[in-house]
file entry.cif (mmCIF, C-alpha atoms)
data_final
loop_
_atom_site.label_atom_id
_atom_site.label_comp_id
_atom_site.auth_asym_id
_atom_site.auth_seq_id
_atom_site.Cartn_x
_atom_site.Cartn_y
_atom_site.Cartn_z
CA MET Q 1 27.96 -8.85 31.12
CA ALA Q 2 25.78 -11.10 33.25
CA VAL Q 3 27.82 -13.78 35.01
CA SER Q 4 27.23 -17.01 36.89
CA LYS Q 5 29.31 -19.34 38.95
CA GLY Q 6 30.94 -22.04 36.86
CA SER Q 7 30.82 -22.38 33.11
CA GLU Q 8 27.39 -24.02 32.71
CA PRO Q 9 24.79 -21.98 30.78
CA TRP Q 10 21.96 -20.72 32.92
CA ILE Q 11 18.33 -19.72 32.59
CA LEU Q 12 16.52 -17.48 35.08
CA MET Q 13 12.71 -17.66 35.07
CA VAL Q 14 9.63 -16.09 36.68
CA THR Q 15 6.07 -17.38 36.37
CA ALA Q 16 2.98 -15.32 37.14
CA ARG Q 17 -0.79 -15.51 36.85
CA SER Q 18 -3.00 -12.57 35.98
CA PRO Q 19 -6.80 -12.25 35.90
CA THR Q 20 -9.03 -10.89 33.21
CA ASN Q 21 -11.58 -8.16 33.91
CA ILE Q 22 -14.99 -7.12 32.70
CA ALA Q 23 -15.83 -3.45 32.26
CA VAL Q 24 -19.07 -2.20 33.80
CA ILE Q 25 -18.43 1.33 32.47
CA LYS Q 26 -16.91 0.77 29.04
CA TYR Q 27 -13.80 2.05 27.32
CA TRP Q 28 -14.43 2.62 23.62
CA GLY Q 29 -12.46 5.10 21.57
CA LYS Q 30 -8.87 6.35 21.72
CA ARG Q 31 -7.47 9.85 21.47
CA ASP Q 32 -4.00 8.38 20.80
CA GLU Q 33 -3.71 5.10 18.88
CA THR Q 34 -0.03 4.53 19.62
CA LEU Q 35 -0.07 5.13 23.38
CA ILE Q 36 -3.61 3.76 23.71
CA LEU Q 37 -5.05 6.76 25.51
CA PRO Q 38 -8.84 6.54 25.95
CA ILE Q 39 -11.41 9.26 25.44
CA ASN Q 40 -13.15 8.43 28.73
CA ASP Q 41 -12.58 6.83 32.13
CA SER Q 42 -13.75 3.23 32.64
CA ILE Q 43 -14.48 0.91 35.57
CA SER Q 44 -14.16 -2.85 35.71
CA VAL Q 45 -14.54 -5.88 37.95
CA THR Q 46 -11.54 -8.22 38.13
CA LEU Q 47 -12.57 -11.87 37.79
CA ASP Q 48 -11.23 -14.65 40.00
CA PRO Q 49 -7.98 -15.95 38.42
CA ASP Q 50 -8.77 -19.42 39.76
CA HIS Q 51 -11.41 -19.54 37.03
CA LEU Q 52 -10.19 -17.15 34.30
CA CYS Q 53 -6.54 -16.20 33.96
CA THR Q 54 -3.40 -16.04 31.90
CA THR Q 55 -0.31 -17.83 33.15
CA THR Q 56 2.99 -16.53 31.80
CA THR Q 57 6.57 -17.68 32.26
CA VAL Q 58 9.35 -15.30 31.26
CA ALA Q 59 12.92 -16.53 31.01
CA VAL Q 60 16.28 -14.88 30.37
CA SER Q 61 19.58 -16.45 29.38
CA PRO Q 62 22.79 -15.32 27.67
CA ALA Q 63 22.22 -18.31 25.38
CA PHE Q 64 19.06 -16.78 23.88
CA ASP Q 65 19.78 -14.96 20.62
CA SER Q 66 16.35 -13.29 20.16
CA ASP Q 67 13.15 -12.43 21.98
CA ARG Q 68 10.58 -15.19 21.37
CA MET Q 69 7.02 -15.87 22.53
CA TRP Q 70 4.62 -18.82 22.53
CA LEU Q 71 0.88 -18.48 23.19
CA ASN Q 72 -1.01 -21.67 24.10
CA GLY Q 73 1.94 -23.67 22.74
CA LYS Q 74 2.13 -21.91 19.38
CA GLU Q 75 4.96 -19.50 18.59
CA ILE Q 76 3.83 -15.99 17.62
CA SER Q 77 5.68 -12.96 16.35
CA LEU Q 78 6.93 -10.28 18.73
CA SER Q 79 7.54 -7.80 15.90
CA GLY Q 80 4.31 -5.88 16.54
CA GLY Q 81 4.62 -2.38 17.91
CA ARG Q 82 2.65 -3.11 21.07
CA TYR Q 83 4.87 -6.00 22.13
CA GLN Q 84 7.96 -3.98 21.33
CA SER Q 85 6.60 -1.05 23.33
CA CYS Q 86 6.06 -3.22 26.40
CA LEU Q 87 9.49 -4.83 26.15
CA ARG Q 88 11.20 -1.49 25.59
CA GLU Q 89 9.47 0.23 28.53
CA ILE Q 90 10.13 -2.71 30.87
CA ARG Q 91 13.83 -2.92 29.91
CA ARG Q 92 14.20 0.83 30.41
CA ARG Q 93 13.14 0.42 34.06
CA ALA Q 94 15.06 -2.80 34.78
CA GLY Q 95 17.30 -3.05 37.84
CA ASP Q 96 20.18 -5.17 39.07
CA VAL Q 97 19.29 -8.81 39.70
CA GLU Q 98 21.18 -11.31 41.83
CA ASP Q 99 20.19 -14.90 42.53
CA GLU Q 100 22.71 -16.14 45.11
CA LYS Q 101 21.30 -19.66 45.14
CA LYS Q 102 21.88 -20.07 41.39
CA GLY Q 103 24.96 -17.89 41.31
CA ILE Q 104 23.48 -15.49 38.77
CA ARG Q 105 24.14 -11.75 38.70
CA ILE Q 106 22.67 -9.40 36.09
CA ARG Q 107 23.49 -5.71 36.03
CA LYS Q 108 21.00 -3.06 34.97
CA VAL Q 109 22.97 -2.30 31.80
CA ASP Q 110 22.94 -5.99 30.80
CA TRP Q 111 19.19 -6.09 30.14
CA GLU Q 112 19.47 -4.20 26.86
CA ARG Q 113 21.59 -7.03 25.47
CA LEU Q 114 19.88 -10.03 27.08
CA ARG Q 115 17.00 -11.68 25.22
CA VAL Q 116 13.88 -13.18 26.79
CA HIS Q 117 11.65 -16.16 26.03
CA ILE Q 118 7.97 -15.88 26.94
CA ALA Q 119 5.38 -18.64 27.20
CA SER Q 120 1.78 -17.69 27.89
CA TYR Q 121 -1.33 -19.78 28.40
CA ASN Q 122 -4.96 -18.59 28.53
CA ASN Q 123 -7.40 -20.91 30.29
CA PHE Q 124 -10.28 -19.37 28.32
CA PRO Q 125 -10.95 -18.62 24.63
CA THR Q 126 -8.71 -16.04 23.00
CA ALA Q 127 -10.22 -13.20 20.95
CA ALA Q 128 -13.82 -14.19 21.72
CA GLY Q 129 -14.80 -11.13 23.76
CA LEU Q 130 -13.57 -12.38 27.15
CA ALA Q 131 -10.68 -9.89 27.48
CA SER Q 132 -7.91 -12.40 26.86
CA SER Q 133 -5.52 -9.64 25.80
CA ALA Q 134 -6.19 -7.75 29.05
CA ALA Q 135 -5.06 -10.73 31.12
CA GLY Q 136 -2.23 -11.47 28.68
CA PHE Q 137 -0.55 -8.09 28.62
CA ALA Q 138 -1.09 -7.53 32.36
CA CYS Q 139 0.59 -10.86 33.05
CA LEU Q 140 3.40 -10.08 30.63
CA ALA Q 141 4.15 -6.71 32.25
CA PHE Q 142 3.89 -8.11 35.78
CA ALA Q 143 6.11 -11.16 35.12
CA LEU Q 144 8.78 -9.17 33.25
CA ALA Q 145 8.79 -6.57 36.04
CA LYS Q 146 9.47 -9.31 38.60
CA LEU Q 147 12.16 -10.92 36.42
CA MET Q 148 13.96 -7.61 35.87
CA ASN Q 149 13.56 -6.38 39.47
CA ILE Q 150 11.51 -3.31 38.61
CA LYS Q 151 10.57 -1.33 41.71
CA GLU Q 152 7.57 0.62 40.36
CA GLU Q 153 4.15 0.06 41.89
CA ASN Q 154 1.31 -1.50 39.91
CA GLY Q 155 0.02 1.95 38.93
CA GLU Q 156 3.23 2.60 36.99
CA LEU Q 157 3.17 -0.90 35.52
CA SER Q 158 -0.42 -0.32 34.43
CA SER Q 159 0.76 2.45 32.09
CA ILE Q 160 3.08 -0.08 30.42
CA ALA Q 161 0.45 -2.84 30.17
CA ARG Q 162 -1.93 -0.23 28.73
CA GLN Q 163 0.37 0.20 25.74
CA GLY Q 164 -0.11 -3.47 24.89
CA SER Q 165 -3.86 -3.64 25.40
CA GLY Q 166 -5.89 -0.77 26.80
CA SER Q 167 -7.86 -2.63 29.47
CA ALA Q 168 -4.80 -4.66 30.53
CA CYS Q 169 -4.01 -1.79 32.89
CA ARG Q 170 -7.11 -2.69 34.93
CA SER Q 171 -6.02 -6.33 35.32
CA LEU Q 172 -3.06 -5.29 37.47
CA TYR Q 173 -5.43 -4.90 40.43
CA GLY Q 174 -8.06 -7.08 42.01
CA GLY Q 175 -11.61 -6.12 42.92
CA PHE Q 176 -13.02 -2.96 41.36
CA VAL Q 177 -10.68 -0.87 39.23
CA LYS Q 178 -10.87 2.49 37.50
CA TRP Q 179 -8.80 3.34 34.43
CA VAL Q 180 -8.23 7.09 34.64
CA MET Q 181 -8.14 8.49 31.10
CA GLY Q 182 -5.62 11.20 32.03
CA ASN Q 183 -5.00 14.46 30.23
CA ASP Q 184 -1.29 14.59 29.48
CA ALA Q 185 -0.26 13.89 25.89
CA SER Q 186 2.56 11.63 27.12
CA GLY Q 187 0.05 9.30 28.79
CA HIS Q 188 1.90 9.22 32.11
CA ASP Q 189 -1.33 10.02 33.99
CA SER Q 190 -3.46 7.43 32.14
CA ILE Q 191 -3.21 4.68 34.75
CA ALA Q 192 -5.34 2.22 36.70
CA VAL Q 193 -6.33 2.77 40.33
CA GLN Q 194 -8.08 0.32 42.64
CA LEU Q 195 -11.47 1.51 43.91
CA ALA Q 196 -12.05 -1.47 46.24
CA ASN Q 197 -10.44 -4.86 46.72
CA GLU Q 198 -12.05 -8.21 45.96
CA SER Q 199 -13.36 -8.73 49.50
CA HIS Q 200 -15.22 -5.39 49.57
CA TRP Q 201 -18.31 -6.80 47.84
CA ASP Q 202 -17.88 -10.55 48.05
CA ASP Q 203 -21.63 -11.29 47.83
CA LEU Q 204 -21.48 -10.89 44.07
CA VAL Q 205 -21.50 -13.98 41.84
CA ILE Q 206 -20.65 -13.77 38.14
CA ILE Q 207 -21.92 -16.21 35.52
CA ILE Q 208 -20.53 -15.98 32.01
CA ALA Q 209 -22.45 -17.47 29.10
CA ALA Q 210 -19.94 -18.49 26.44
CA VAL Q 211 -22.16 -17.95 23.45
CA SER Q 212 -19.33 -18.17 20.94
CA SER Q 213 -15.60 -18.84 21.01
CA GLN Q 214 -15.17 -17.71 17.41
CA GLN Q 215 -12.87 -14.82 16.58
CA LYS Q 216 -14.71 -11.53 16.12
CA GLU Q 217 -15.53 -10.34 12.59
CA THR Q 218 -14.56 -6.80 13.59
CA SER Q 219 -11.66 -6.56 16.02
CA SER Q 220 -11.94 -4.15 18.92
CA THR Q 221 -9.09 -2.08 17.48
CA ALA Q 222 -10.80 -1.65 14.11
CA GLY Q 223 -14.24 -1.16 15.65
CA MET Q 224 -13.00 1.51 18.02
CA ARG Q 225 -11.35 3.42 15.21
CA GLU Q 226 -14.46 3.27 13.02
CA SER Q 227 -16.70 4.41 15.90
CA PHE Q 228 -14.36 7.30 16.70
CA ASP Q 229 -14.44 8.45 13.08
CA THR Q 230 -18.17 8.04 12.36
CA SER Q 231 -20.33 7.85 15.52
CA THR Q 232 -21.70 11.10 16.93
CA LEU Q 233 -23.18 9.11 19.83
CA LEU Q 234 -19.68 7.99 20.86
CA HIS Q 235 -18.48 11.56 21.39
CA TYR Q 236 -21.65 12.61 23.21
CA ARG Q 237 -21.29 9.56 25.42
CA SER Q 238 -17.63 10.22 26.29
CA LYS Q 239 -18.13 13.92 27.03
CA VAL Q 240 -21.56 13.97 28.69
CA VAL Q 241 -22.77 10.53 29.77
CA VAL Q 242 -19.68 8.69 31.03
CA PRO Q 243 -18.33 11.35 33.44
CA ARG Q 244 -21.67 11.29 35.27
CA ARG Q 245 -21.88 7.50 35.24
CA ILE Q 246 -18.35 7.12 36.58
CA LEU Q 247 -19.26 9.12 39.68
CA GLN Q 248 -22.51 7.20 40.13
CA MET Q 249 -20.77 3.85 39.70
CA GLU Q 250 -18.05 4.74 42.20
CA GLU Q 251 -20.74 5.59 44.73
CA ALA Q 252 -22.67 2.38 44.00
CA ILE Q 253 -19.52 0.29 44.53
CA ARG Q 254 -18.57 2.18 47.67
CA ASN Q 255 -22.05 1.64 49.18
CA ARG Q 256 -22.54 -1.86 47.73
CA ASP Q 257 -25.76 -0.53 46.19
CA PHE Q 258 -26.72 -3.31 43.79
CA GLN Q 259 -29.81 -1.59 42.42
CA SER Q 260 -27.75 1.37 41.19
CA PHE Q 261 -24.87 -0.88 40.15
CA ALA Q 262 -27.16 -3.05 38.02
CA ARG Q 263 -28.96 -0.09 36.43
CA LEU Q 264 -25.68 1.58 35.44
CA THR Q 265 -24.03 -1.64 34.24
CA CYS Q 266 -26.91 -2.63 31.96
CA ALA Q 267 -27.39 0.92 30.65
CA ASP Q 268 -23.71 1.33 29.82
CA SER Q 269 -23.53 -2.03 28.05
CA ASN Q 270 -26.60 -1.18 25.98
CA GLN Q 271 -25.21 2.24 25.10
CA PHE Q 272 -21.87 0.77 24.04
CA HIS Q 273 -23.67 -1.52 21.59
CA ALA Q 274 -25.82 1.42 20.47
CA VAL Q 275 -22.57 3.22 19.62
CA CYS Q 276 -21.53 0.20 17.56
CA LEU Q 277 -24.83 0.39 15.67
CA ASP Q 278 -24.31 4.15 15.24
CA THR Q 279 -20.97 3.42 13.58
CA SER Q 280 -20.73 3.44 9.79
CA PRO Q 281 -20.83 0.72 8.68
CA PRO Q 282 -22.62 -0.62 11.78
CA ILE Q 283 -20.84 -3.18 13.96
CA PHE Q 284 -22.70 -6.20 15.34
CA TYR Q 285 -21.01 -7.86 18.29
CA MET Q 286 -24.07 -9.49 19.87
CA ASN Q 287 -26.15 -12.22 18.27
CA ASP Q 288 -29.67 -13.62 18.77
CA THR Q 289 -28.60 -15.68 21.79
CA SER Q 290 -27.06 -12.59 23.39
CA ARG Q 291 -30.37 -10.76 23.02
CA ARG Q 292 -32.38 -13.70 24.37
CA ILE Q 293 -30.24 -13.65 27.52
CA ILE Q 294 -30.94 -9.92 27.95
CA ASN Q 295 -34.67 -10.61 27.63
CA CYS Q 296 -34.43 -13.37 30.24
CA VAL Q 297 -32.71 -11.07 32.73
CA GLU Q 298 -34.92 -8.04 32.06
CA ARG Q 299 -38.11 -10.08 32.41
CA TRP Q 300 -36.98 -11.54 35.74
CA ASN Q 301 -35.78 -8.20 37.14
CA GLN Q 302 -39.08 -6.57 36.23
CA PHE Q 303 -41.04 -9.44 37.79
CA GLU Q 304 -39.13 -9.09 41.07
CA GLY Q 305 -39.49 -5.31 41.11
CA THR Q 306 -35.79 -4.84 41.92
CA PRO Q 307 -32.69 -5.97 40.02
CA GLN Q 308 -31.45 -9.46 40.83
CA VAL Q 309 -28.89 -9.58 38.02
CA ALA Q 310 -26.92 -7.11 35.91
CA TYR Q 311 -25.78 -7.97 32.40
CA THR Q 312 -22.91 -6.59 30.38
CA TYR Q 313 -21.37 -7.43 26.99
CA ASP Q 314 -17.98 -6.43 25.69
CA ALA Q 315 -17.04 -6.59 22.01
CA GLY Q 316 -18.47 -10.06 21.49
CA PRO Q 317 -21.63 -12.11 22.03
CA ASN Q 318 -20.69 -13.62 25.40
CA ALA Q 319 -22.86 -12.49 28.30
CA VAL Q 320 -21.41 -11.55 31.69
CA LEU Q 321 -24.16 -11.75 34.30
CA ILE Q 322 -23.56 -10.36 37.79
CA ALA Q 323 -25.93 -11.64 40.49
CA CYS Q 324 -26.46 -9.74 43.73
CA ASN Q 325 -25.79 -12.84 45.88
CA ARG Q 326 -25.48 -16.63 45.70
CA ALA Q 327 -29.21 -17.19 46.16
CA ALA Q 328 -29.92 -15.02 43.13
CA ALA Q 329 -27.09 -16.73 41.24
CA SER Q 330 -28.69 -20.13 41.87
CA LEU Q 331 -32.02 -18.89 40.54
CA LEU Q 332 -30.25 -17.31 37.58
CA LEU Q 333 -28.51 -20.58 36.75
CA LYS Q 334 -31.83 -22.43 36.79
CA ARG Q 335 -33.27 -19.92 34.35
CA LEU Q 336 -30.26 -20.13 32.06
CA LEU Q 337 -30.36 -23.92 32.01
CA PHE Q 338 -34.11 -23.84 31.40
CA TYR Q 339 -33.80 -21.52 28.40
CA PHE Q 340 -30.40 -22.73 27.15
CA PRO Q 341 -30.07 -26.39 28.12
CA PRO Q 342 -27.13 -28.50 27.01
CA SER Q 343 -27.63 -31.32 24.56
CA PRO Q 344 -28.91 -34.52 26.26
CA ASP Q 345 -25.58 -36.34 25.99
CA THR Q 346 -23.68 -33.52 27.77
CA GLU Q 347 -22.21 -33.99 31.24
CA LEU Q 348 -23.63 -31.22 33.42
CA THR Q 349 -20.28 -30.66 35.14
CA SER Q 350 -18.66 -29.94 31.76
CA TYR Q 351 -21.40 -27.44 30.86
CA LEU Q 352 -20.82 -25.39 34.02
CA LEU Q 353 -17.16 -24.55 34.58
CA GLY Q 354 -15.37 -22.59 37.29
CA ASP Q 355 -17.14 -22.68 40.66
CA LYS Q 356 -19.20 -25.84 40.27
CA SER Q 357 -20.56 -25.68 43.83
CA ILE Q 358 -23.32 -23.43 42.52
CA LEU Q 359 -24.88 -26.53 40.88
CA GLU Q 360 -25.47 -28.18 44.23
CA GLU Q 361 -26.84 -24.95 45.70
CA ALA Q 362 -29.28 -24.78 42.79
CA GLY Q 363 -30.31 -28.41 43.36
CA LEU Q 364 -28.90 -29.52 40.03
CA GLN Q 365 -26.97 -32.77 40.15
CA THR Q 366 -27.74 -34.47 36.85
CA MET Q 367 -29.15 -33.75 33.42
CA LYS Q 368 -32.45 -35.18 34.67
CA ASP Q 369 -32.66 -32.26 37.10
CA VAL Q 370 -32.20 -29.87 34.18
CA GLU Q 371 -34.87 -31.61 32.12
CA ASN Q 372 -37.29 -31.32 35.06
CA LEU Q 373 -36.83 -27.56 35.52
CA GLN Q 374 -40.12 -25.69 35.50
CA ALA Q 375 -40.74 -22.47 33.60
CA PRO Q 376 -39.82 -19.40 35.68
CA PRO Q 377 -42.81 -17.70 37.38
CA GLU Q 378 -42.36 -14.50 35.34
CA ILE Q 379 -43.55 -16.37 32.25
CA LYS Q 380 -47.24 -15.68 31.92
CA GLY Q 381 -49.61 -18.57 31.32
CA GLY Q 382 -50.18 -19.45 27.71
CA ILE Q 383 -46.94 -17.88 26.48
CA SER Q 384 -44.89 -20.36 24.48
CA VAL Q 385 -41.34 -20.86 25.62
CA ASP Q 386 -38.56 -21.40 23.11
CA LYS Q 387 -35.67 -23.44 24.42
CA ASN Q 388 -32.37 -22.95 22.68
CA SER Q 389 -30.35 -26.09 23.22
CA GLY Q 390 -26.83 -25.80 21.88
CA SER Q 391 -26.80 -22.01 21.51
CA VAL Q 392 -24.54 -21.63 24.58
CA SER Q 393 -21.25 -23.55 24.51
CA TYR Q 394 -20.87 -23.55 28.29
CA PHE Q 395 -21.25 -21.38 31.40
CA ILE Q 396 -18.53 -20.22 33.78
CA CYS Q 397 -19.34 -19.37 37.40
CA THR Q 398 -16.87 -17.06 39.09
CA ARG Q 399 -16.64 -14.04 41.42
CA PRO Q 400 -14.63 -10.84 41.93
CA GLY Q 401 -10.98 -11.81 42.34
CA ARG Q 402 -7.46 -10.73 43.17
CA GLY Q 403 -4.83 -9.18 40.95
CA PRO Q 404 -1.64 -10.78 39.54
CA THR Q 405 0.38 -13.19 41.66
CA LEU Q 406 3.69 -14.98 41.37
CA VAL Q 407 3.72 -18.77 40.95
CA VAL Q 408 6.51 -19.90 43.27
CA ASP Q 409 6.43 -23.61 42.38
CA GLU Q 410 9.04 -23.93 39.62
CA ASP Q 411 7.43 -27.18 38.46
CA GLN Q 412 4.50 -25.07 37.24
CA ALA Q 413 6.66 -22.97 34.93
CA LEU Q 414 5.64 -23.15 31.28
CA ILE Q 415 9.25 -23.08 30.04
CA ASP Q 416 11.67 -25.97 30.40
CA PRO Q 417 14.62 -24.70 32.50
CA ARG Q 418 17.01 -26.92 30.53
CA THR Q 419 16.04 -25.87 27.00
CA GLY Q 420 14.45 -22.43 27.37
CA ILE Q 421 11.47 -23.43 25.22
CA PRO Q 422 7.91 -24.37 26.30
CA LYS Q 423 7.33 -27.70 27.97
CA LYS Q 424 5.36 -30.32 26.11
CA THR Q 425 3.79 -31.69 29.28
CA GLY Q 426 3.07 -30.33 32.73
CA PRO Q 427 0.37 -28.92 35.00
CA TYR Q 428 -0.93 -26.47 32.36
CA PHE Q 429 -1.24 -29.12 29.65
CA GLY Q 430 -4.49 -30.84 30.57
CA CYS Q 431 -5.80 -29.14 33.70
CA PHE Q 432 -7.57 -26.49 31.61
CA ASP Q 433 -8.71 -28.74 28.79
CA GLU Q 434 -12.35 -27.74 29.23
CA PHE Q 435 -11.37 -24.19 28.26
CA ALA Q 436 -8.34 -24.87 26.11
CA ARG Q 437 -10.16 -26.93 23.53
CA GLN Q 438 -12.17 -23.76 22.81
CA SER Q 439 -9.11 -21.54 22.64
CA HIS Q 440 -7.58 -20.48 19.35
CA GLY Q 441 -5.98 -17.38 17.88
CA SER Q 442 -3.36 -14.95 18.99
CA LEU Q 443 -3.11 -12.56 21.88
CA VAL Q 444 -3.21 -9.70 19.43
CA ASP Q 445 -6.52 -10.71 17.85
CA GLY Q 446 -8.60 -9.06 20.55
CA ILE Q 447 -6.06 -6.52 21.55
CA ASP Q 448 -8.32 -3.68 22.69
CA CYS Q 449 -10.74 -5.06 25.25
CA LEU Q 450 -13.23 -2.73 26.84
#
call {"tool": "encode", "arguments": {"input": "entry.cif", "output": "structure tokens"}}
result
Amino acid sequence: MAVSKGSEPWILMVTARSPTNIAVIKYWGKRDETLILPINDSISVTLDPDHLCTTTTVAVSPAFDSDRMWLNGKEISLSGGRYQSCLREIRRRAGDVEDEKKGIRIRKVDWERLRVHIASYNNFPTAAGLASSAAGFACLAFALAKLMNIKEENGELSSIARQGSGSACRSLYGGFVKWVMGNDASGHDSIAVQLANESHWDDLVIIIAAVSSQQKETSSTAGMRESFDTSTLLHYRSKVVVPRRILQMEEAIRNRDFQSFARLTCADSNQFHAVCLDTSPPIFYMNDTSRRIINCVERWNQFEGTPQVAYTYDAGPNAVLIACNRAAASLLLKRLLFYFPPSPDTELTSYLLGDKSILEEAGLQTMKDVENLQAPPEIKGGISVDKNSGSVSYFICTRPGRGPTLVVDEDQALIDPRTGIPKKTGPYFGCFDEFARQSHGSLVDGIDCL
């Protein structure tokens, strides 16, 4: 069995951070529910983990008598098949571990008997259509792999993360990532591959409009199953439309061709939601605010004669808007704040989260600046403008980002090394309050992100 120097009980821990991702060519529909094998390829952009991420600490000790997990400070069950699948596949690949400094040695065969404690923290709303489960399961697989000294590359790990949440496989890489659907029934060839790293197209700026942090009425898992069973458009899309779009999107990313990128991203988002409407009974993930944001972007792009911004929506009402550069992002932010201003008593810096430097670039320092914004030039004279104060909870400004990383500072671990249970205070209890106060639910609520 695992041993350590002396007779004191020990705990060995690893902490990691993993980003979320947003699909620009969507995954919707599975040919295998258990292994989570998709019916088409998909492509995503990884978002900067400095702004949107999951932090996970995994700990092992001979004193632990069962596997346990806490999400955002609340203990959740690990009895679900997807958690068990991830733990089983990780343990099967575990290697020998030796920590000379702590005097800990764990043999490969010991991992089947050792139990783990897991603490995970999302700095953005769970189950609200922002791919929290993608970041969560990617971080879980990555952290456990480091703890158990697994030698496989991220491509192999992506096949394990995929079995927890489909799009989690794409969060194991930064930049632009393709989830290859694969053909083998075992799923061994259904993995993520990186198309380009985060610095390849670093002009892009991403603004997320958090329209709602409420849990979805129809989960992605249920919605996908219903679409697969009832939507003829879904099967036409997966067989005819997506294969062509994948090739076109790969070329657009390779050439940094924003016009093509924007056209494909918007078209694929719209078609995904058309599939949801083609489902019986129809599924409604967007709301009126979602559609107003689309109108805002389409009107501006048409006025300019070339796309300035692409929009995409996953299984929820929150808009992900991708601007071609920071100048366009500043103009986009002005439009968003004009149409969707915060309430008068709101601090502007709490309404725009993430990369707040975009406020200064847009010339927006105070709420007075927002109140003084003029109507965009694409609004024709005499057309009344409806402002929708309060319909957006907040905005997040971010950019393409890197993949998972280890957190080497042990003080930032989520688990107390003396007790093996989550800390009550520390760097993750307060620093993300702007997001965390919005965050409720369980990692499994939104388990199949796009």
call {"tool": "resolve_selection", "arguments": {"input": "entry.cif", "expression": "the PyMOL selection byres ((chain Q and resi 193-203) around 8)", "output": "JSON, numbers by chain"}}
result
{"Q": [46, 155, 170, 173, 174, 175, 176, 177, 178, 179, 180, 191, 192, 204, 205, 250, 253, 254, 256, 324, 325, 326, 399, 400, 401, 402]}
call {"tool": "closest_residue", "arguments": {"input": "entry.cif", "among": "Q:Asp288, Q:Glu361, Q:Glu100, Q:Glu347", "to": "Ala327 in chain Q", "atoms": "all atoms listed in the file"}}
result
Q:Glu361
call {"tool": "closest_atom_pairs", "arguments": {"input": "entry.cif", "of": "range 153-175 of chain Q", "to": "range 17-30 of chain Q", "cutoff": "12 Å", "atoms": "only C-alpha atoms", "output": "JSON lines"}}
result
{"residue": "Q:Ala161", "atom": "CA", "partner": "Q:Ser18", "partner_atom": "CA", "distance": 11.8}
{"residue": "Q:Arg162", "atom": "CA", "partner": "Q:Lys30", "partner_atom": "CA", "distance": 11.9}
{"residue": "Q:Gln163", "atom": "CA", "partner": "Q:Lys30", "partner_atom": "CA", "distance": 11.8}
{"residue": "Q:Ser165", "atom": "CA", "partner": "Q:Tyr27", "partner_atom": "CA", "distance": 11.6}
{"residue": "Q:Gly166", "atom": "CA", "partner": "Q:Tyr27", "partner_atom": "CA", "distance": 8.4}
{"residue": "Q:Ser167", "atom": "CA", "partner": "Q:Tyr27", "partner_atom": "CA", "distance": 7.9}
{"residue": "Q:Ala168", "atom": "CA", "partner": "Q:Thr20", "partner_atom": "CA", "distance": 8.0}
{"residue": "Q:Cys169", "atom": "CA", "partner": "Q:Asn21", "partner_atom": "CA", "distance": 9.9}
{"residue": "Q:Arg170", "atom": "CA", "partner": "Q:Asn21", "partner_atom": "CA", "distance": 7.1}
{"residue": "Q:Ser171", "atom": "CA", "partner": "Q:Thr20", "partner_atom": "CA", "distance": 5.9}
{"residue": "Q:Leu172", "atom": "CA", "partner": "Q:Ser18", "partner_atom": "CA", "distance": 7.4}
{"residue": "Q:Tyr173", "atom": "CA", "partner": "Q:Pro19", "partner_atom": "CA", "distance": 8.7}
{"residue": "Q:Gly174", "atom": "CA", "partner": "Q:Pro19", "partner_atom": "CA", "distance": 8.1}
{"residue": "Q:Gly175", "atom": "CA", "partner": "Q:Asn21", "partner_atom": "CA", "distance": 9.2}
call {"tool": "write_last_selection", "arguments": {"input": "entry.cif", "atoms": "C-alpha atoms", "output": "short mmCIF file (atom, residue, chain, number, x, y, z; two decimals), in the frame of the given file"}}
result
data_model
loop_
_atom_site.label_atom_id
_atom_site.label_comp_id
_atom_site.auth_asym_id
_atom_site.auth_seq_id
_atom_site.Cartn_x
_atom_site.Cartn_y
_atom_site.Cartn_z
CA ALA Q 161 0.45 -2.84 30.17
CA ARG Q 162 -1.93 -0.23 28.73
CA GLN Q 163 0.37 0.20 25.74
CA SER Q 165 -3.86 -3.64 25.40
CA GLY Q 166 -5.89 -0.77 26.80
CA SER Q 167 -7.86 -2.63 29.47
CA ALA Q 168 -4.80 -4.66 30.53
CA CYS Q 169 -4.01 -1.79 32.89
CA ARG Q 170 -7.11 -2.69 34.93
CA SER Q 171 -6.02 -6.33 35.32
CA LEU Q 172 -3.06 -5.29 37.47
CA TYR Q 173 -5.43 -4.90 40.43
CA GLY Q 174 -8.06 -7.08 42.01
CA GLY Q 175 -11.61 -6.12 42.92
#
call {"tool": "atom_distance", "arguments": {"input": "entry.cif", "atom1": "CA of Leu348 in chain Q", "atom2": "CA of Phe395 in chain Q"}}
result
10.3 Å
call {"tool": "closest_residue", "arguments": {"input": "entry.cif", "among": "Q:Thr306, Q:Gly316, Q:Tyr339, Q:Val240", "to": "Val385 in chain Q", "atoms": "all atoms listed in the file"}}
result
Q:Tyr339
call {"tool": "resolve_selection", "arguments": {"input": "entry.cif", "expression": "the PyMOL selection byres ((chain Q and resi 218) around 10)", "output": "CSV table (one decimal) with C-alpha atoms, keeping the file's coordinate frame"}}
result
chain,number,residue,atom,x,y,z
Q,215,GLN,CA,-12.9,-14.8,16.6
Q,216,LYS,CA,-14.7,-11.5,16.1
Q,217,GLU,CA,-15.5,-10.3,12.6
Q,219,SER,CA,-11.7,-6.6,16.0
Q,220,SER,CA,-11.9,-4.2,18.9
Q,221,THR,CA,-9.1,-2.1,17.5
Q,222,ALA,CA,-10.8,-1.6,14.1
Q,223,GLY,CA,-14.2,-1.2,15.6
Q,224,MET,CA,-13.0,1.5,18.0
Q,283,ILE,CA,-20.8,-3.2,14.0
Q,284,PHE,CA,-22.7,-6.2,15.3
Q,285,TYR,CA,-21.0,-7.9,18.3
Q,315,ALA,CA,-17.0,-6.6,22.0
Q,316,GLY,CA,-18.5,-10.1,21.5
Q,445,ASP,CA,-6.5,-10.7,17.8
Q,446,GLY,CA,-8.6,-9.1,20.6
